[in-house]
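J.: Supplied structure: run-v6.pdb, PDB, C-alpha atoms.
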```pdb
MODEL        1
ATOM      1  CA  MET A   1       5.840  -0.952  -8.133
ATOM      2  CA  GLN A   2       6.944   2.686  -7.794
ATOM      3  CA  THR A   3       6.478   3.904  -4.228
ATOM      4  CA  TYR A   4       8.016   7.381  -4.514
ATOM      5  CA  LYS A   5       6.894  10.692  -5.952
ATOM      6  CA  VAL A   6       9.073  12.146  -8.713
ATOM      7  CA  LYS A   7       7.701  15.654  -8.143
ATOM      8  CA  THR A   8       7.465  16.580  -4.472
ATOM      9  CA  PRO A   9       3.819  17.429  -3.697
ATOM     10  CA  ARG A  10       3.141  20.964  -2.523
ATOM     11  CA  TRP A  11       1.125  19.700   0.450
ATOM     12  CA  LEU A  12       4.174  17.806   1.717
ATOM     13  CA  LYS A  13       6.332  20.909   1.550
ATOM     14  CA  ARG A  14       3.712  22.776   3.583
ATOM     15  CA  ILE A  15       3.402  20.281   6.439
ATOM     16  CA  LEU A  16       7.134  19.693   6.995
ATOM     17  CA  PRO A  17       9.301  22.208   8.902
ATOM     18  CA  HIS A  18       9.335  25.632   7.303
ATOM     19  CA  GLY A  19      13.120  25.936   7.243
ATOM     20  CA  MET A  20      13.657  23.000   4.894
ATOM     21  CA  VAL A  21      14.577  24.135   1.367
ATOM     22  CA  TRP A  22      12.742  22.308  -1.448
ATOM     23  CA  GLU A  23      13.341  24.635  -4.380
ATOM     24  CA  ILE A  24      15.068  27.911  -5.206
ATOM     25  CA  ALA A  25      13.401  31.094  -6.434
ATOM     26  CA  ASP A  26      15.436  31.374  -9.628
ATOM     27  CA  ARG A  27      13.968  31.997 -13.070
ATOM     28  CA  ASN A  28      16.980  30.858 -15.056
ATOM     29  CA  ALA A  29      18.720  28.046 -13.157
ATOM     30  CA  VAL A  30      18.309  24.494 -11.959
ATOM     31  CA  TYR A  31      20.149  22.796  -9.120
ATOM     32  CA  LEU A  32      21.494  19.287  -9.683
ATOM     33  CA  THR A  33      22.457  17.325  -6.585
ATOM     34  CA  PHE A  34      24.146  13.959  -6.115
ATOM     35  CA  ASP A  35      23.680  11.856  -2.991
ATOM     36  CA  ASP A  36      25.597   8.960  -1.414
ATOM     37  CA  GLY A  37      29.100   9.440  -2.843
ATOM     38  CA  PRO A  38      31.901   9.899  -3.303
ATOM     39  CA  ASN A  39      32.283   6.749  -5.362
ATOM     40  CA  PRO A  40      35.475   6.007  -7.324
ATOM     41  CA  SER A  41      33.621   4.269 -10.162
ATOM     42  CA  VAL A  42      30.744   6.749 -10.573
ATOM     43  CA  THR A  43      31.708  10.202  -9.262
ATOM     44  CA  PRO A  44      34.434  10.743 -11.931
ATOM     45  CA  PHE A  45      31.805  10.139 -14.634
ATOM     46  CA  VAL A  46      29.559  12.742 -13.020
ATOM     47  CA  LEU A  47      32.408  15.245 -12.775
ATOM     48  CA  ALA A  48      33.310  14.749 -16.440
ATOM     49  CA  GLN A  49      29.718  15.305 -17.546
ATOM     50  CA  LEU A  50      29.351  18.438 -15.443
ATOM     51  CA  GLU A  51      32.593  19.843 -16.820
ATOM     52  CA  GLN A  52      31.485  19.162 -20.391
ATOM     53  CA  TYR A  53      28.374  21.274 -19.867
ATOM     54  CA  ASN A  54      30.014  23.924 -17.682
ATOM     55  CA  ALA A  55      27.671  22.946 -14.852
ATOM     56  CA  LYS A  56      28.110  23.202 -11.110
ATOM     57  CA  ALA A  57      26.346  20.914  -8.659
ATOM     58  CA  THR A  58      26.096  19.898  -5.016
ATOM     59  CA  PHE A  59      27.287  16.540  -3.691
ATOM     60  CA  PHE A  60      25.687  15.340  -0.452
ATOM     61  CA  CYS A  61      28.380  12.981   0.756
ATOM     62  CA  VAL A  62      28.305  10.053   3.138
ATOM     63  CA  GLY A  63      31.094  10.590   5.656
ATOM     64  CA  ASN A  64      32.265   6.994   5.557
ATOM     65  CA  ASN A  65      32.703   7.242   1.782
ATOM     66  CA  VAL A  66      34.688  10.457   2.148
ATOM     67  CA  ALA A  67      36.970   8.689   4.623
ATOM     68  CA  ARG A  68      37.391   5.734   2.243
ATOM     69  CA  TYR A  69      37.872   7.784  -0.936
ATOM     70  CA  PRO A  70      39.440  11.107   0.050
ATOM     71  CA  GLU A  71      40.980  11.694  -3.382
ATOM     72  CA  VAL A  72      37.588  11.467  -5.079
ATOM     73  CA  PHE A  73      36.175  13.909  -2.530
ATOM     74  CA  LYS A  74      39.075  16.286  -3.190
ATOM     75  CA  ALA A  75      38.360  16.064  -6.938
ATOM     76  CA  VAL A  76      34.755  17.150  -6.336
ATOM     77  CA  LYS A  77      35.875  20.221  -4.398
ATOM     78  CA  ALA A  78      38.716  20.998  -6.804
ATOM     79  CA  ALA A  79      36.198  21.143  -9.657
ATOM     80  CA  GLY A  80      34.351  23.919  -7.845
ATOM     81  CA  HIS A  81      31.312  21.982  -6.724
ATOM     82  CA  THR A  82      29.618  22.342  -3.347
ATOM     83  CA  THR A  83      29.551  19.495  -0.837
ATOM     84  CA  GLY A  84      27.047  18.674   1.875
ATOM     85  CA  ASN A  85      26.625  16.334   4.831
ATOM     86  CA  HIS A  86      24.554  13.149   4.305
ATOM     87  CA  THR A  87      25.417  11.564   7.698
ATOM     88  CA  TYR A  88      28.390   9.268   8.257
ATOM     89  CA  ASN A  89      26.586   5.971   7.681
ATOM     90  CA  HIS A  90      23.581   6.976   5.544
ATOM     91  CA  LEU A  91      21.211   6.734   8.481
ATOM     92  CA  ASN A  92      17.436   6.677   8.259
ATOM     93  CA  GLY A  93      16.395   9.223  10.889
ATOM     94  CA  TRP A  94      13.024   7.568  11.426
ATOM     95  CA  HIS A  95      14.770   4.403  12.603
ATOM     96  CA  THR A  96      17.538   6.065  14.621
ATOM     97  CA  SER A  97      17.610   7.666  18.053
ATOM     98  CA  SER A  98      18.138  11.412  17.992
ATOM     99  CA  ALA A  99      21.344  11.152  20.031
ATOM    100  CA  HIS A 100      22.886   8.625  17.658
ATOM    101  CA  TYR A 101      21.694  10.550  14.600
ATOM    102  CA  LEU A 102      23.302  13.790  15.782
ATOM    103  CA  ARG A 103      26.552  11.997  16.673
ATOM    104  CA  ASN A 104      26.650  10.455  13.209
ATOM    105  CA  ILE A 105      26.180  13.834  11.556
ATOM    106  CA  ALA A 106      28.959  15.300  13.724
ATOM    107  CA  GLN A 107      31.240  12.419  12.746
ATOM    108  CA  ALA A 108      30.580  13.134   9.067
ATOM    109  CA  ASP A 109      31.207  16.834   9.588
ATOM    110  CA  LYS A 110      34.781  16.105  10.648
ATOM    111  CA  HIS A 111      35.438  14.914   7.080
ATOM    112  CA  ILE A 112      33.052  17.075   5.031
ATOM    113  CA  GLU A 113      33.027  20.446   6.849
ATOM    114  CA  SER A 114      29.911  21.825   5.198
ATOM    115  CA  ARG A 115      26.941  23.886   6.367
ATOM    116  CA  LEU A 116      24.618  21.993   4.005
ATOM    117  CA  PHE A 117      22.730  18.905   5.128
ATOM    118  CA  ARG A 118      20.337  16.465   3.490
ATOM    119  CA  PRO A 119      18.768  13.620   5.482
ATOM    120  CA  PRO A 120      19.172  10.221   3.782
ATOM    121  CA  TYR A 121      15.857   9.059   2.289
ATOM    122  CA  GLY A 122      14.503  12.471   3.270
ATOM    123  CA  ARG A 123      13.643  10.929   6.632
ATOM    124  CA  ILE A 124      14.334  12.996   9.692
ATOM    125  CA  LYS A 125      12.223  13.303  12.846
ATOM    126  CA  LEU A 126      11.027  16.752  13.864
ATOM    127  CA  THR A 127      12.984  16.430  17.111
ATOM    128  CA  GLN A 128      16.149  15.577  15.156
ATOM    129  CA  TYR A 129      15.622  18.523  12.841
ATOM    130  CA  ARG A 130      15.181  20.933  15.728
ATOM    131  CA  LYS A 131      18.200  19.592  17.620
ATOM    132  CA  LEU A 132      20.305  19.752  14.462
ATOM    133  CA  LEU A 133      19.580  23.432  13.963
ATOM    134  CA  ARG A 134      20.081  24.216  17.626
ATOM    135  CA  ARG A 135      23.537  22.670  17.409
ATOM    136  CA  TYR A 136      24.319  24.135  13.978
ATOM    137  CA  PRO A 137      22.169  27.284  13.642
ATOM    138  CA  ASP A 138      23.866  28.411  10.422
ATOM    139  CA  TRP A 139      23.270  25.132   8.577
ATOM    140  CA  LYS A 140      20.760  24.729   5.735
ATOM    141  CA  VAL A 141      18.676  21.571   5.322
ATOM    142  CA  TYR A 142      18.092  20.919   1.626
ATOM    143  CA  MET A 143      15.410  18.553   0.392
ATOM    144  CA  TRP A 144      14.337  18.378  -3.274
ATOM    145  CA  ASP A 145      11.759  19.269  -5.866
ATOM    146  CA  ILE A 146      12.442  16.291  -8.196
ATOM    147  CA  LEU A 147      13.504  12.743  -7.332
ATOM    148  CA  SER A 148      14.989  11.264 -10.503
ATOM    149  CA  GLY A 149      14.452   7.627  -9.503
ATOM    150  CA  ASP A 150      17.939   6.615 -10.644
ATOM    151  CA  PHE A 151      18.100   4.311  -7.604
ATOM    152  CA  ASP A 152      15.064   2.385  -8.915
ATOM    153  CA  THR A 153      16.304  -0.793 -10.601
ATOM    154  CA  SER A 154      12.846  -1.457 -12.050
ATOM    155  CA  ILE A 155      13.080   1.466 -14.507
ATOM    156  CA  THR A 156      15.367   2.187 -17.462
ATOM    157  CA  GLY A 157      17.736   5.078 -17.922
ATOM    158  CA  GLN A 158      15.327   6.577 -20.458
ATOM    159  CA  GLN A 159      12.481   6.372 -17.953
ATOM    160  CA  CYS A 160      14.698   8.075 -15.396
ATOM    161  CA  LEU A 161      15.427  10.852 -17.882
ATOM    162  CA  THR A 162      11.715  11.227 -18.598
ATOM    163  CA  ASN A 163      11.014  11.452 -14.865
ATOM    164  CA  VAL A 164      13.214  14.516 -14.619
ATOM    165  CA  LEU A 165      12.360  16.278 -17.864
ATOM    166  CA  GLU A 166       8.594  16.059 -17.346
ATOM    167  CA  ALA A 167       8.911  17.819 -13.977
ATOM    168  CA  LEU A 168      11.925  20.086 -14.491
ATOM    169  CA  GLU A 169      11.541  23.856 -14.318
ATOM    170  CA  PRO A 170      13.738  26.771 -13.277
ATOM    171  CA  GLY A 171      14.371  26.670  -9.550
ATOM    172  CA  SER A 172      14.075  22.885  -9.298
ATOM    173  CA  ILE A 173      16.391  20.944  -6.999
ATOM    174  CA  VAL A 174      16.985  17.535  -8.607
ATOM    175  CA  VAL A 175      18.274  14.428  -6.821
ATOM    176  CA  PHE A 176      20.613  11.987  -8.545
ATOM    177  CA  HIS A 177      22.934   9.464  -6.879
ATOM    178  CA  ASP A 178      26.624   8.884  -7.624
ATOM    179  CA  SER A 179      26.349   5.265  -6.491
ATOM    180  CA  ASP A 180      26.895   1.856  -8.052
ATOM    181  CA  LYS A 181      23.179   1.076  -7.745
ATOM    182  CA  ALA A 182      22.187   4.162  -9.724
ATOM    183  CA  ARG A 183      24.952   4.075 -12.311
ATOM    184  CA  GLU A 184      23.101   2.340 -15.161
ATOM    185  CA  ARG A 185      20.272   4.893 -15.143
ATOM    186  CA  LEU A 186      22.480   7.868 -14.245
ATOM    187  CA  GLU A 187      24.693   7.329 -17.307
ATOM    188  CA  VAL A 188      21.659   7.814 -19.540
ATOM    189  CA  ALA A 189      19.715  10.424 -17.609
ATOM    190  CA  LEU A 190      22.428  12.870 -16.556
ATOM    191  CA  PRO A 191      23.746  13.723 -20.055
ATOM    192  CA  GLY A 192      20.175  14.132 -21.253
ATOM    193  CA  VAL A 193      19.276  16.518 -18.436
ATOM    194  CA  LEU A 194      22.437  18.551 -18.937
ATOM    195  CA  LYS A 195      21.765  18.899 -22.665
ATOM    196  CA  TYR A 196      18.127  19.828 -22.015
ATOM    197  CA  CYS A 197      19.183  22.610 -19.652
ATOM    198  CA  ARG A 198      21.882  23.883 -21.986
ATOM    199  CA  ASP A 199      19.463  23.989 -24.924
ATOM    200  CA  ARG A 200      17.171  26.224 -22.844
ATOM    201  CA  ALA A 201      20.036  28.419 -21.659
ATOM    202  CA  TRP A 202      19.333  27.489 -18.051
ATOM    203  CA  GLU A 203      22.292  27.762 -15.718
ATOM    204  CA  MET A 204      23.175  24.720 -13.650
ATOM    205  CA  LYS A 205      24.260  25.940 -10.235
ATOM    206  CA  ALA A 206      25.413  24.565  -6.905
ATOM    207  CA  LEU A 207      23.066  25.134  -3.987
ATOM    208  CA  PRO A 208      23.687  28.314  -2.000
ATOM    209  CA  ALA A 209      25.726  27.727   1.159
TER     210      ALA A 209
ENDMDL
END
```
Can you present the structure in this file as structure tokens?

T.:
Amino acid sequence: MQTYKVKTPRWLKRILPHGMVWEIADRNAVYLTFDDGPNPSVTPFVLAQLEQYNAKATFFCVGNNVARYPEVFKAVKAAGHTTGNHTYNHLNGWHTSSAHYLRNIAQADKHIESRLFRPPYGRIKLTQYRKLLRRYPDWKVYMWDILSGDFDTSITGQQCLTNVLEALEPGSIVVFHDSDKARERLEVALPGVLKYCRDRAWEMKALPA
């Protein structure tokens, strides 16, 4: 049973901290993002697809994966994409002390060196959020407008594609995952989304740093 919202409800955006970015005011662009990599068996596929469609994107990387696969991480940056911090161990902020959460982010920053941050699962306590921005006042916390559901093993790649296309509009921030778990659905959905955007002459941009 699906327990997540594909399109982030407006009421949720209103009640969470004002500084979180859910969408971009842009009439002619969408913002594709990829969480949980880099992954040597999935990230190269994503990079090839983005290159084919002349698209740029943002990769929210897990620090431990960057440490394990530095060459894949370098390939992401060499292709002109933006990278962001996704903690070192993909921590759920709701289940983690603030001190440990901030240390884990700092550990990831040693490898990623980015001013962009996305909390894994979108779960971060208000105290963690405030402490994060006190420590890193120039950082941006990016959430999302559309959750593709590529991590959901109960749906097909076509259903994942439909999830995105039914909600997609200029300014949307879309979440995909360059992970082994998501691969089967990502390989169907990503090319379809890229073609859909190209056919509408929408730019595909990396998130602003």

J.: Output the residue selection produced by the PyMOL selection byres ((chain A and resi 50-60) around 8) on the file above, formatted as JSON, numbers by chain.

T.: {"A": [31, 32, 33, 34, 35, 36, 37, 46, 47, 48, 49, 61, 62, 76, 80, 81, 82, 83, 84, 85, 86, 117, 118, 194, 195, 198, 203, 204, 205, 206, 207]}

J.: Would you mind reading off the distance between CA of Glu187 (chain A) and CA of Val66 (chain A), one decimal, in Å?

T.: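 CA of Glu187 (chain A) sits 22.1 Å away from CA of Val66 (chain A).
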
J.: Using all atoms listed in the file, pick whichever of A:Asp180, A:Gly157, A:Gly93, A:Ala106 has the shortest atom-to-atom distance to Gly192 (chain A).

T.: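 When distances to Gly192 (chain A) are compared using all atoms listed in the file, the smallest one comes from A:Gly157.
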
J.: I want to know what sits within 9 Å of region 129-137 of chain A, based on all atoms listed in the file, with residues of the same chain fewer than 5 positions away left out; could you give that as a PyMOL selection string?

T.: chain A and resi 17+98+102+105+115+124

J.: Could you dump the residues just selected with C-alpha atoms as a tab-separated table (two decimals), in the frame of the given file?

T.:
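The result, written out as out_18.tsv:
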```tsv
chain	number	residue	atom	x	y	z
A	17	PRO	CA	9.30	22.21	8.90
A	98	SER	CA	18.14	11.41	17.99
A	102	LEU	CA	23.30	13.79	15.78
A	105	ILE	CA	26.18	13.83	11.56
A	115	ARG	CA	26.94	23.89	6.37
A	124	ILE	CA	14.33	13.00	9.69
```

J.: Ranking A:Asn104, A:Asn92, A:Ser97, A:Asn28 by minimum distance to Pro120 (chain A) and counting only C-alpha atoms, which one comes first?

T.: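 For Pro120 (chain A), the nearest of the candidates is A:Asn92.
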
J.: Would you kindly translate the PyMOL selection byres ((chain A and resi 72) around 12) into the concrete residues it picks from this file, as a VMD selection string?

T.: chain A and resid 37 to 47 59 61 65 to 71 73 to 79 178

J.: What's the 12 Å shell around Met20 (chain A), counting all atoms listed in the file, without same-chain residues fewer than 5 positions away, as a list in words?

T.: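 Selected residues are Leu12, Lys13, Arg14, Ile15, Leu116, Phe117, Arg118, Pro119, Gly122, Ile124, Leu126, Tyr129, Arg130, Leu133, Trp139, Lys140, Val141, Tyr142, Met143, Trp144 and Asp145 of chain A.
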
J.: Up to 10 Å from (14.2, 13.6, -16.8) in the file's coordinates: name the residues, counting all atoms listed in the file, as a ChimeraX atom specification.

T.: /A:6,146-149,157-168,174,188-190,192-194,196

J.: What's the separation between CA of Trp94 (chain A) and CA of Thr3 (chain A), in Å to one decimal place?

T.: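 Pair CA of Trp94 (chain A) / CA of Thr3 (chain A) returns 17.4 Å.
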